>>> print(open('input.pdb').read())   # PDB, C-alpha atoms, pLDDT in the B column
ATOM      1  CA  MET Y  30    -111.716 166.495-101.818  1.00 42.00           C
ATOM      2  CA  MET Y  31    -114.668 164.652-103.384  1.00 41.00           C
ATOM      3  CA  LYS Y  32    -114.030 166.437-106.692  1.00 42.00           C
ATOM      4  CA  GLU Y  33    -110.433 165.172-106.735  1.00 42.00           C
ATOM      5  CA  LEU Y  34    -111.526 161.632-105.837  1.00 40.00           C
ATOM      6  CA  LEU Y  35    -114.079 161.668-108.646  1.00 39.00           C
ATOM      7  CA  LEU Y  36    -111.416 162.777-111.138  1.00 38.00           C
ATOM      8  CA  PHE Y  37    -109.041 160.012-110.085  1.00 39.00           C
ATOM      9  CA  SER Y  38    -111.865 157.483-110.147  1.00 40.00           C
ATOM     10  CA  ILE Y  39    -112.658 158.391-113.752  1.00 38.00           C
ATOM     11  CA  LEU Y  40    -109.030 157.964-114.760  1.00 41.00           C
ATOM     12  CA  LEU Y  41    -108.545 154.727-112.853  1.00 40.00           C
ATOM     13  CA  GLN Y  42    -111.558 152.664-113.896  1.00 39.00           C
ATOM     14  CA  SER Y  43    -111.543 148.893-113.891  1.00 37.00           C
ATOM     15  CA  ALA Y  44    -109.007 147.769-116.419  1.00 39.00           C
ATOM     16  CA  ALA Y  45    -106.847 145.094-117.921  1.00 40.00           C
ATOM     17  CA  ALA Y  46    -103.214 146.034-117.438  1.00 43.00           C
ATOM     18  CA  TRP Y  47    -100.401 144.654-119.512  1.00 45.00           C
ATOM     19  CA  THR Y  48     -96.704 145.275-119.862  1.00 48.00           C
ATOM     20  CA  PRO Y  49     -94.784 146.564-122.875  1.00 54.00           C
ATOM     21  CA  ALA Y  50     -91.998 143.990-122.670  1.00 46.00           C
ATOM     22  CA  LEU Y  51     -92.061 142.156-125.986  1.00 46.00           C
ATOM     23  CA  ILE Y  52     -95.085 141.913-128.207  1.00 41.00           C
ATOM     24  CA  ASN Y  53     -95.846 139.715-131.154  1.00 36.00           C
ATOM     25  CA  PRO Y  54     -95.358 141.346-134.548  1.00 35.00           C
ATOM     26  CA  ARG Y  55     -98.657 142.839-135.653  1.00 34.00           C
ATOM     27  CA  SER Y  56    -100.071 144.049-138.908  1.00 36.00           C
ATOM     28  CA  PRO Y  57     -98.891 147.435-140.208  1.00 36.00           C
ATOM     29  CA  THR Y  58    -100.647 150.508-138.849  1.00 36.00           C
ATOM     30  CA  ALA Y  59    -100.784 154.126-139.966  1.00 38.00           C
ATOM     31  CA  LEU Y  60     -97.406 154.623-138.268  1.00 40.00           C
ATOM     32  CA  PHE Y  61     -95.792 152.100-140.603  1.00 42.00           C
ATOM     33  CA  SER Y  62     -95.407 153.819-143.939  1.00 43.00           C
ATOM     34  CA  SER Y  63     -93.401 152.321-146.769  1.00 47.00           C
ATOM     35  CA  THR Y  64     -92.227 155.754-147.851  1.00 59.00           C
ATOM     36  CA  THR Y  65     -91.220 158.705-145.724  1.00 65.00           C
ATOM     37  CA  SER Y  66     -90.693 162.294-146.742  1.00 77.00           C
ATOM     38  CA  GLY Y  67     -89.341 163.300-143.339  1.00 88.00           C
ATOM     39  CA  SER Y  68     -86.711 161.960-140.970  1.00 89.00           C
ATOM     40  CA  LEU Y  69     -86.876 159.255-138.339  1.00 91.00           C
ATOM     41  CA  HIS Y  70     -84.731 159.026-135.206  1.00 92.00           C
ATOM     42  CA  GLY Y  71     -81.023 159.443-135.962  1.00 88.00           C
ATOM     43  CA  GLN Y  72     -81.534 160.665-139.511  1.00 89.00           C
ATOM     44  CA  ASN Y  73     -80.457 164.101-140.767  1.00 88.00           C
ATOM     45  CA  SER Y  74     -79.475 165.271-137.264  1.00 85.00           C
ATOM     46  CA  CYS Y  75     -83.012 164.622-135.966  1.00 89.00           C
ATOM     47  CA  PHE Y  76     -83.287 162.879-132.610  1.00 90.00           C
ATOM     48  CA  LEU Y  77     -86.324 161.932-130.549  1.00 90.00           C
ATOM     49  CA  PRO Y  78     -86.370 163.081-126.906  1.00 86.00           C
ATOM     50  CA  LEU Y  79     -85.582 159.610-125.491  1.00 88.00           C
ATOM     51  CA  LYS Y  80     -85.686 158.374-121.917  1.00 84.00           C
ATOM     52  CA  GLN Y  81     -84.222 154.937-121.199  1.00 81.00           C
ATOM     53  CA  LEU Y  82     -85.445 153.233-118.044  1.00 82.00           C
ATOM     54  CA  ASP Y  83     -82.966 151.241-115.958  1.00 82.00           C
ATOM     55  CA  GLN Y  84     -83.254 147.784-114.469  1.00 84.00           C
ATOM     56  CA  ASP Y  85     -83.973 149.154-110.969  1.00 81.00           C
ATOM     57  CA  TYR Y  86     -86.793 151.463-112.082  1.00 81.00           C
ATOM     58  CA  PHE Y  87     -90.161 151.113-110.327  1.00 83.00           C
ATOM     59  CA  ALA Y  88     -92.906 152.625-112.469  1.00 80.00           C
ATOM     60  CA  PRO Y  89     -95.787 154.551-110.882  1.00 81.00           C
ATOM     61  CA  ARG Y  90     -98.465 151.977-110.167  1.00 73.00           C
ATOM     62  CA  ILE Y  91    -102.032 152.513-111.389  1.00 71.00           C
ATOM     63  CA  VAL Y  92    -104.339 151.798-108.436  1.00 68.00           C
ATOM     64  CA  GLN Y  93    -108.119 152.056-108.406  1.00 69.00           C
ATOM     65  CA  ILE Y  94    -109.966 154.105-105.782  1.00 69.00           C
ATOM     66  CA  ALA Y  95    -112.582 152.263-103.723  1.00 74.00           C
ATOM     67  CA  GLY Y  96    -114.297 155.415-102.463  1.00 67.00           C
ATOM     68  CA  ALA Y  97    -114.198 158.096 -99.777  1.00 68.00           C
ATOM     69  CA  TYR Y  98    -114.060 157.561 -96.022  1.00 69.00           C
ATOM     70  CA  PRO Y  99    -116.140 157.889 -93.871  1.00 68.00           C
ATOM     71  CA  GLY Y 100    -119.137 156.414 -95.664  1.00 73.00           C
ATOM     72  CA  LEU Y 101    -117.293 153.611 -97.452  1.00 69.00           C
ATOM     73  CA  SER Y 102    -119.112 150.266 -97.467  1.00 74.00           C
ATOM     74  CA  LYS Y 103    -117.652 146.763 -97.565  1.00 81.00           C
ATOM     75  CA  GLU Y 104    -119.239 146.303-100.997  1.00 84.00           C
ATOM     76  CA  ASP Y 105    -117.559 149.456-102.303  1.00 81.00           C
ATOM     77  CA  PHE Y 106    -114.254 148.343-100.817  1.00 76.00           C
ATOM     78  CA  PHE Y 107    -114.302 145.022-102.681  1.00 77.00           C
ATOM     79  CA  ALA Y 108    -115.959 146.326-105.863  1.00 84.00           C
ATOM     80  CA  VAL Y 109    -112.692 147.494-107.423  1.00 77.00           C
ATOM     81  CA  THR Y 110    -109.947 145.228-108.714  1.00 75.00           C
ATOM     82  CA  SER Y 111    -106.165 145.419-108.513  1.00 70.00           C
ATOM     83  CA  GLU Y 112    -103.631 144.609-111.195  1.00 73.00           C
ATOM     84  CA  PRO Y 113    -100.115 143.170-110.799  1.00 74.00           C
ATOM     85  CA  ALA Y 114     -97.277 145.656-110.437  1.00 75.00           C
ATOM     86  CA  PRO Y 115     -95.184 146.160-113.573  1.00 81.00           C
ATOM     87  CA  GLU Y 116     -91.887 144.355-113.938  1.00 84.00           C
ATOM     88  CA  GLN Y 117     -88.893 146.443-112.885  1.00 85.00           C
ATOM     89  CA  GLY Y 118     -87.701 148.595-115.765  1.00 85.00           C
ATOM     90  CA  GLN Y 119     -91.116 148.477-117.457  1.00 85.00           C
ATOM     91  CA  TRP Y 120     -94.599 149.974-117.081  1.00 80.00           C
ATOM     92  CA  THR Y 121     -98.241 148.955-117.438  1.00 79.00           C
ATOM     93  CA  TYR Y 122    -101.180 150.302-119.429  1.00 76.00           C
ATOM     94  CA  ASP Y 123    -104.725 150.702-118.172  1.00 74.00           C
ATOM     95  CA  PHE Y 124    -107.613 150.093-120.564  1.00 72.00           C
ATOM     96  CA  SER Y 125    -111.175 150.530-119.321  1.00 67.00           C
ATOM     97  CA  ASP Y 126    -112.483 148.219-122.046  1.00 64.00           C
ATOM     98  CA  PRO Y 127    -109.876 145.953-123.685  1.00 60.00           C
ATOM     99  CA  ASP Y 128    -112.363 144.952-126.402  1.00 65.00           C
ATOM    100  CA  GLY Y 129    -113.569 148.484-127.161  1.00 61.00           C
ATOM    101  CA  PRO Y 130    -111.864 151.683-128.380  1.00 58.00           C
ATOM    102  CA  GLN Y 131    -108.361 151.878-126.986  1.00 54.00           C
ATOM    103  CA  LEU Y 132    -108.940 154.797-124.645  1.00 63.00           C
ATOM    104  CA  GLY Y 133    -106.681 153.769-121.782  1.00 73.00           C
ATOM    105  CA  THR Y 134    -104.273 155.418-119.395  1.00 78.00           C
ATOM    106  CA  VAL Y 135    -100.631 154.931-118.493  1.00 82.00           C
ATOM    107  CA  ALA Y 136     -98.686 156.385-115.559  1.00 83.00           C
ATOM    108  CA  ILE Y 137     -95.703 158.561-116.525  1.00 84.00           C
ATOM    109  CA  ASP Y 138     -93.087 159.863-114.110  1.00 83.00           C
ATOM    110  CA  GLY Y 139     -93.468 163.508-113.209  1.00 77.00           C
ATOM    111  CA  SER Y 140     -90.937 165.950-114.640  1.00 82.00           C
ATOM    112  CA  ASN Y 141     -90.772 169.511-115.918  1.00 83.00           C
ATOM    113  CA  VAL Y 142     -91.408 168.263-119.460  1.00 87.00           C
ATOM    114  CA  VAL Y 143     -94.467 166.240-118.437  1.00 87.00           C
ATOM    115  CA  SER Y 144     -95.812 168.938-116.119  1.00 82.00           C
ATOM    116  CA  SER Y 145     -95.492 171.718-118.690  1.00 86.00           C
ATOM    117  CA  ALA Y 146     -97.424 169.864-121.411  1.00 89.00           C
ATOM    118  CA  GLU Y 147    -100.664 171.774-122.034  1.00 90.00           C
ATOM    119  CA  ASP Y 148    -102.628 169.035-123.803  1.00 89.00           C
ATOM    120  CA  PRO Y 149    -100.749 165.711-123.470  1.00 89.00           C
ATOM    121  CA  VAL Y 150    -101.743 162.415-125.043  1.00 88.00           C
ATOM    122  CA  VAL Y 151     -99.853 159.128-125.385  1.00 91.00           C
ATOM    123  CA  ILE Y 152     -99.250 157.091-128.535  1.00 90.00           C
ATOM    124  CA  ILE Y 153     -97.916 153.545-128.219  1.00 88.00           C
ATOM    125  CA  ALA Y 154     -95.432 152.982-131.051  1.00 89.00           C
ATOM    126  CA  GLU Y 155     -93.256 150.045-132.024  1.00 90.00           C
ATOM    127  CA  HIS Y 156     -89.578 150.985-131.777  1.00 92.00           C
ATOM    128  CA  SER Y 157     -88.860 150.106-135.416  1.00 91.00           C
ATOM    129  CA  SER Y 158     -91.547 152.485-136.677  1.00 91.00           C
ATOM    130  CA  LEU Y 159     -89.505 155.400-135.294  1.00 92.00           C
ATOM    131  CA  ASN Y 160     -86.086 153.924-136.091  1.00 91.00           C
ATOM    132  CA  VAL Y 161     -85.123 153.745-132.394  1.00 92.00           C
ATOM    133  CA  PRO Y 162     -82.234 151.259-132.111  1.00 90.00           C
ATOM    134  CA  LEU Y 163     -82.333 148.502-129.500  1.00 89.00           C
ATOM    135  CA  PRO Y 164     -79.829 145.698-128.788  1.00 87.00           C
ATOM    136  CA  PRO Y 165     -79.508 143.126-131.618  1.00 87.00           C
ATOM    137  CA  ALA Y 166     -80.707 140.376-129.247  1.00 86.00           C
ATOM    138  CA  ILE Y 167     -84.189 141.911-129.363  1.00 88.00           C
ATOM    139  CA  LYS Y 168     -85.870 140.574-132.490  1.00 87.00           C
ATOM    140  CA  ASP Y 169     -89.521 141.308-131.777  1.00 90.00           C
ATOM    141  CA  ALA Y 170     -91.240 144.674-131.693  1.00 90.00           C
ATOM    142  CA  VAL Y 171     -91.017 146.635-128.428  1.00 91.00           C
ATOM    143  CA  ASP Y 172     -93.600 149.168-127.317  1.00 89.00           C
ATOM    144  CA  LEU Y 173     -92.434 152.731-126.679  1.00 90.00           C
ATOM    145  CA  ILE Y 174     -94.451 155.422-124.923  1.00 89.00           C
ATOM    146  CA  VAL Y 175     -94.607 158.513-127.147  1.00 91.00           C
ATOM    147  CA  LEU Y 176     -95.863 161.533-125.217  1.00 91.00           C
ATOM    148  CA  VAL Y 177     -97.329 164.224-127.483  1.00 92.00           C
ATOM    149  CA  ASP Y 178     -98.408 167.766-126.623  1.00 92.00           C
ATOM    150  CA  ARG Y 179    -101.399 168.545-128.847  1.00 92.00           C
ATOM    151  CA  ALA Y 180    -101.176 172.234-127.940  1.00 92.00           C
ATOM    152  CA  LYS Y 181     -97.982 172.474-130.012  1.00 93.00           C
ATOM    153  CA  ASN Y 182     -99.697 172.191-133.362  1.00 93.00           C
ATOM    154  CA  TYR Y 183     -97.151 174.243-135.271  1.00 96.00           C
ATOM    155  CA  PHE Y 184     -93.960 173.572-137.231  1.00 97.00           C
ATOM    156  CA  SER Y 185     -90.541 173.410-135.580  1.00 95.00           C
ATOM    157  CA  GLU Y 186     -87.301 172.556-137.342  1.00 94.00           C
ATOM    158  CA  ARG Y 187     -86.044 169.005-136.644  1.00 93.00           C
ATOM    159  CA  LYS Y 188     -88.685 168.458-133.961  1.00 95.00           C
ATOM    160  CA  PHE Y 189     -90.711 165.287-134.209  1.00 94.00           C
ATOM    161  CA  LEU Y 190     -94.231 166.144-135.280  1.00 93.00           C
ATOM    162  CA  VAL Y 191     -97.406 164.121-135.301  1.00 93.00           C
ATOM    163  CA  LEU Y 192     -99.067 164.714-138.661  1.00 89.00           C
ATOM    164  CA  ASP Y 193    -102.352 163.795-140.275  1.00 92.00           C
ATOM    165  CA  VAL Y 194    -101.435 163.116-143.894  1.00 91.00           C
ATOM    166  CA  PRO Y 195    -104.268 162.769-146.432  1.00 90.00           C
ATOM    167  CA  GLY Y 196    -104.432 159.212-147.723  1.00 89.00           C
ATOM    168  CA  GLU Y 197    -101.819 157.959-145.239  1.00 88.00           C
ATOM    169  CA  GLY Y 198    -103.198 158.722-141.795  1.00 90.00           C
ATOM    170  CA  VAL Y 199    -101.089 159.641-138.776  1.00 93.00           C
ATOM    171  CA  LYS Y 200     -97.314 159.871-139.214  1.00 90.00           C
ATOM    172  CA  ILE Y 201     -94.515 160.781-136.790  1.00 92.00           C
ATOM    173  CA  GLU Y 202     -91.524 162.394-138.476  1.00 94.00           C
ATOM    174  CA  ALA Y 203     -89.183 165.393-138.308  1.00 95.00           C
ATOM    175  CA  TYR Y 204     -88.430 167.890-141.064  1.00 95.00           C
ATOM    176  CA  GLU Y 205     -85.689 170.402-141.714  1.00 94.00           C
ATOM    177  CA  THR Y 206     -88.041 172.893-143.369  1.00 94.00           C
ATOM    178  CA  LYS Y 207     -91.796 173.308-143.597  1.00 94.00           C
ATOM    179  CA  ALA Y 208     -91.527 172.862-147.357  1.00 94.00           C
ATOM    180  CA  ASP Y 209     -90.318 169.289-146.813  1.00 95.00           C
ATOM    181  CA  MET Y 210     -93.592 168.282-145.169  1.00 95.00           C
ATOM    182  CA  PRO Y 211     -96.240 166.315-147.101  1.00 93.00           C
ATOM    183  CA  SER Y 212     -98.683 168.533-148.924  1.00 92.00           C
ATOM    184  CA  ASN Y 213    -101.998 169.318-147.249  1.00 94.00           C
ATOM    185  CA  CYS Y 214    -100.942 167.658-143.997  1.00 94.00           C
ATOM    186  CA  GLU Y 215    -102.100 168.890-140.589  1.00 93.00           C
ATOM    187  CA  ILE Y 216     -99.776 169.202-137.582  1.00 94.00           C
ATOM    188  CA  LEU Y 217    -101.469 167.532-134.610  1.00 94.00           C
ATOM    189  CA  GLY Y 218     -98.722 168.019-132.010  1.00 92.00           C
ATOM    190  CA  HIS Y 219     -95.073 167.674-130.970  1.00 93.00           C
ATOM    191  CA  VAL Y 220     -93.376 164.609-129.478  1.00 94.00           C
ATOM    192  CA  ILE Y 221     -92.029 165.757-126.101  1.00 92.00           C
ATOM    193  CA  LEU Y 222     -90.919 162.425-124.628  1.00 92.00           C
ATOM    194  CA  THR Y 223     -90.263 158.900-125.869  1.00 93.00           C
ATOM    195  CA  GLN Y 224     -89.904 156.330-123.091  1.00 91.00           C
ATOM    196  CA  ILE Y 225     -88.050 153.045-123.633  1.00 91.00           C
ATOM    197  CA  PRO Y 226     -88.467 150.081-121.278  1.00 90.00           C
ATOM    198  CA  TRP Y 227     -85.591 148.132-119.792  1.00 85.00           C
ATOM    199  CA  LEU Y 228     -85.775 144.492-120.862  1.00 86.00           C
ATOM    200  CA  PRO Y 229     -83.839 141.507-119.466  1.00 82.00           C
ATOM    201  CA  SER Y 230     -81.962 141.075-122.753  1.00 81.00           C
ATOM    202  CA  MET Y 231     -80.476 144.569-122.334  1.00 80.00           C
ATOM    203  CA  LYS Y 232     -77.225 145.249-120.533  1.00 74.00           C
ATOM    204  CA  PRO Y 233     -77.540 146.692-117.005  1.00 73.00           C
ATOM    205  CA  THR Y 234     -77.950 150.453-117.148  1.00 61.00           C
ATOM    206  CA  LYS Y 235     -76.124 150.987-113.848  1.00 61.00           C
ATOM    207  CA  THR Y 236     -72.533 149.879-114.247  1.00 61.00           C
ATOM    208  CA  GLY Y 237     -70.741 152.336-111.992  1.00 61.00           C
ATOM    209  CA  PHE Y 238     -69.343 154.172-115.019  1.00 61.00           C
ATOM    210  CA  MET Y 239     -71.427 157.222-115.942  1.00 56.00           C
ATOM    211  CA  GLU Y 240     -70.337 157.223-119.566  1.00 58.00           C
ATOM    212  CA  VAL Y 241     -71.847 153.777-120.180  1.00 57.00           C
ATOM    213  CA  ASP Y 242     -74.730 153.833-117.716  1.00 54.00           C
ATOM    214  CA  GLU Y 243     -77.475 154.631-120.225  1.00 50.00           C
ATOM    215  CA  TYR Y 244     -78.300 153.627-123.751  1.00 55.00           C
ATOM    216  CA  PHE Y 245     -79.691 157.092-124.422  1.00 51.00           C
TER     217      PHE Y 245
END
>>> encode(input="input.pdb", output="structure tokens")
Amino acid sequence: MMKELLLFSILLQSAAAWTPALINPRSPTALFSSTTSGSLHGQNSCFLPLKQLDQDYFAPRIVQIAGAYPGLSKEDFFAVTSEPAPEQGQWTYDFSDPDGPQLGTVAIDGSNVVSSAEDPVVIIAEHSSLNVPLPPAIKDAVDLIVLVDRAKNYFSERKFLVLDVPGEGVKIEAYETKADMPSNCEILGHVILTQIPWLPSMKPTKTGFMEVDEYF
């Protein structure tokens, strides 16, 4: 019991939570390359594993642990902080030190895909960097959760790979053949899930008609 509490306590340290709704355009990162040798979403029959949240979605809430009972003191009880719940259709991030290295956590819904990942890690990517289309009304960059399994560090046809490319840094692309990949690159993992928030400027995802209920 105490071992489990300690594990959760490590994951859920004091944090500054924020939502992925709309963010201000920021300077290019390693994900934003002017040239690509591989495919992005929707190109050459390559498609990211997308999950579109709906307007009624309640994300798992990241809550800090005050301690174990019995033995809990009033000081321990009030030592931890709480963060606002995410907006419906969105999620929050948890960063232990907003001004330090971005080693935070984010809650992701359980599923077979998430559960079966051997060595999962999350990358936060702007939707345009992966060519994921969103409604024209959305002009600013939108954060997507990109779940990567680092245990899958091998090539797969038309699967989105996270690569370390010499001179370019980290890239996320898909390739039809291994020969199409950049030379001397290293495969760091496979993208196994890409989560898209629901934003107020989007159409409702529950219309009563299954064929138009989801964007993806």
>>> resolve_selection(input="input.pdb", expression="the PyMOL selection byres ((chain Y and resi 147) around 9)", output="list in words")
Ser144, Ser145, Ala146, Asp148, Pro149, Asp178, Arg179, Ala180 and Lys181 of chain Y
>>> write_last_selection(input="input.pdb", atoms="C-alpha atoms", output="PDB file, in the coordinates of the input")
ATOM      1  CA  SER Y 144     -95.812 168.938-116.119  1.00 82.00           C
ATOM      2  CA  SER Y 145     -95.492 171.718-118.690  1.00 86.00           C
ATOM      3  CA  ALA Y 146     -97.424 169.864-121.411  1.00 89.00           C
ATOM      4  CA  ASP Y 148    -102.628 169.035-123.803  1.00 89.00           C
ATOM      5  CA  PRO Y 149    -100.749 165.711-123.470  1.00 89.00           C
ATOM      6  CA  ASP Y 178     -98.408 167.766-126.623  1.00 92.00           C
ATOM      7  CA  ARG Y 179    -101.399 168.545-128.847  1.00 92.00           C
ATOM      8  CA  ALA Y 180    -101.176 172.234-127.940  1.00 92.00           C
ATOM      9  CA  LYS Y 181     -97.982 172.474-130.012  1.00 93.00           C
TER      10      LYS Y 181
END
>>> resolve_selection(input="input.pdb", expression="the PyMOL selection byres ((chain Y and resi 204) around 9)", output="number ranges by chain")
Y: 66-68, 73, 75, 184-190, 202-203, 205-210
>>> resolve_selection(input="input.pdb", expression="the PyMOL selection byres ((chain Y and resi 143) around 12)", output="PyMOL selection string")
chain Y and resi 136-142+144-151+175-178+220-224
>>> write_last_selection(input="input.pdb", atoms="C-alpha atoms", output="compact mmCIF listing (two decimals), keeping the file's coordinate frame")
# COMPACT_ATOMS: atom_id res chain seq x y z
CA ALA Y 136 -98.69 156.38 -115.56
CA ILE Y 137 -95.70 158.56 -116.52
CA ASP Y 138 -93.09 159.86 -114.11
CA GLY Y 139 -93.47 163.51 -113.21
CA SER Y 140 -90.94 165.95 -114.64
CA ASN Y 141 -90.77 169.51 -115.92
CA VAL Y 142 -91.41 168.26 -119.46
CA SER Y 144 -95.81 168.94 -116.12
CA SER Y 145 -95.49 171.72 -118.69
CA ALA Y 146 -97.42 169.86 -121.41
CA GLU Y 147 -100.66 171.77 -122.03
CA ASP Y 148 -102.63 169.04 -123.80
CA PRO Y 149 -100.75 165.71 -123.47
CA VAL Y 150 -101.74 162.42 -125.04
CA VAL Y 151 -99.85 159.13 -125.38
CA VAL Y 175 -94.61 158.51 -127.15
CA LEU Y 176 -95.86 161.53 -125.22
CA VAL Y 177 -97.33 164.22 -127.48
CA ASP Y 178 -98.41 167.77 -126.62
CA VAL Y 220 -93.38 164.61 -129.48
CA ILE Y 221 -92.03 165.76 -126.10
CA LEU Y 222 -90.92 162.43 -124.63
CA THR Y 223 -90.26 158.90 -125.87
CA GLN Y 224 -89.90 156.33 -123.09
>>> atom_distance(input="input.pdb", atom1="atom CA of Y:Ile216", atom2="atom CA of Y:Ile201")
10.0 Å
>>> closest_residue(input="input.pdb", among="Y:Ser74, Y:Ser102, Y:Thr134, Y:Gln84", to="Y:Glu116", atoms="all atoms listed in the file")
Y:Gln84
>>> build_atoms(input="input.pdb", residues="stretch 167-178 of chain Y", atoms="N, CA, C and O atoms", output="short mmCIF file (atom, residue, chain, number, x, y, z; two decimals), keeping the file's coordinate frame")
data_model
loop_
_atom_site.label_atom_id
_atom_site.label_comp_id
_atom_site.auth_asym_id
_atom_site.auth_seq_id
_atom_site.Cartn_x
_atom_site.Cartn_y
_atom_site.Cartn_z
N ILE Y 167 -82.74 141.70 -129.35
CA ILE Y 167 -84.19 141.91 -129.36
C ILE Y 167 -84.67 141.85 -130.80
O ILE Y 167 -84.39 142.73 -131.61
N LYS Y 168 -85.40 140.79 -131.12
CA LYS Y 168 -85.87 140.57 -132.49
C LYS Y 168 -87.30 141.04 -132.69
O LYS Y 168 -87.68 141.43 -133.79
N ASP Y 169 -88.12 140.95 -131.65
CA ASP Y 169 -89.52 141.31 -131.78
C ASP Y 169 -89.73 142.80 -131.53
O ASP Y 169 -88.85 143.49 -131.01
N ALA Y 170 -90.92 143.26 -131.89
CA ALA Y 170 -91.24 144.67 -131.69
C ALA Y 170 -91.38 144.99 -130.21
O ALA Y 170 -91.87 144.17 -129.43
N VAL Y 171 -90.93 146.17 -129.82
CA VAL Y 171 -91.02 146.64 -128.43
C VAL Y 171 -91.84 147.91 -128.39
O VAL Y 171 -91.64 148.82 -129.21
N ASP Y 172 -92.77 147.98 -127.46
CA ASP Y 172 -93.60 149.17 -127.32
C ASP Y 172 -92.83 150.31 -126.69
O ASP Y 172 -92.12 150.13 -125.68
N LEU Y 173 -92.97 151.50 -127.25
CA LEU Y 173 -92.43 152.73 -126.68
C LEU Y 173 -93.61 153.64 -126.33
O LEU Y 173 -94.62 153.66 -127.03
N ILE Y 174 -93.47 154.40 -125.25
CA ILE Y 174 -94.45 155.42 -124.92
C ILE Y 174 -94.02 156.72 -125.61
O ILE Y 174 -92.92 157.21 -125.38
N VAL Y 175 -94.88 157.25 -126.46
CA VAL Y 175 -94.61 158.51 -127.15
C VAL Y 175 -95.58 159.55 -126.59
O VAL Y 175 -96.79 159.48 -126.84
N LEU Y 176 -95.05 160.49 -125.82
CA LEU Y 176 -95.86 161.53 -125.22
C LEU Y 176 -95.91 162.73 -126.16
O LEU Y 176 -94.87 163.26 -126.56
N VAL Y 177 -97.13 163.15 -126.50
CA VAL Y 177 -97.33 164.22 -127.48
C VAL Y 177 -98.11 165.36 -126.83
O VAL Y 177 -99.08 165.12 -126.11
N ASP Y 178 -97.66 166.59 -127.08
CA ASP Y 178 -98.41 167.77 -126.62
C ASP Y 178 -99.22 168.29 -127.81
O ASP Y 178 -98.66 168.84 -128.76
#
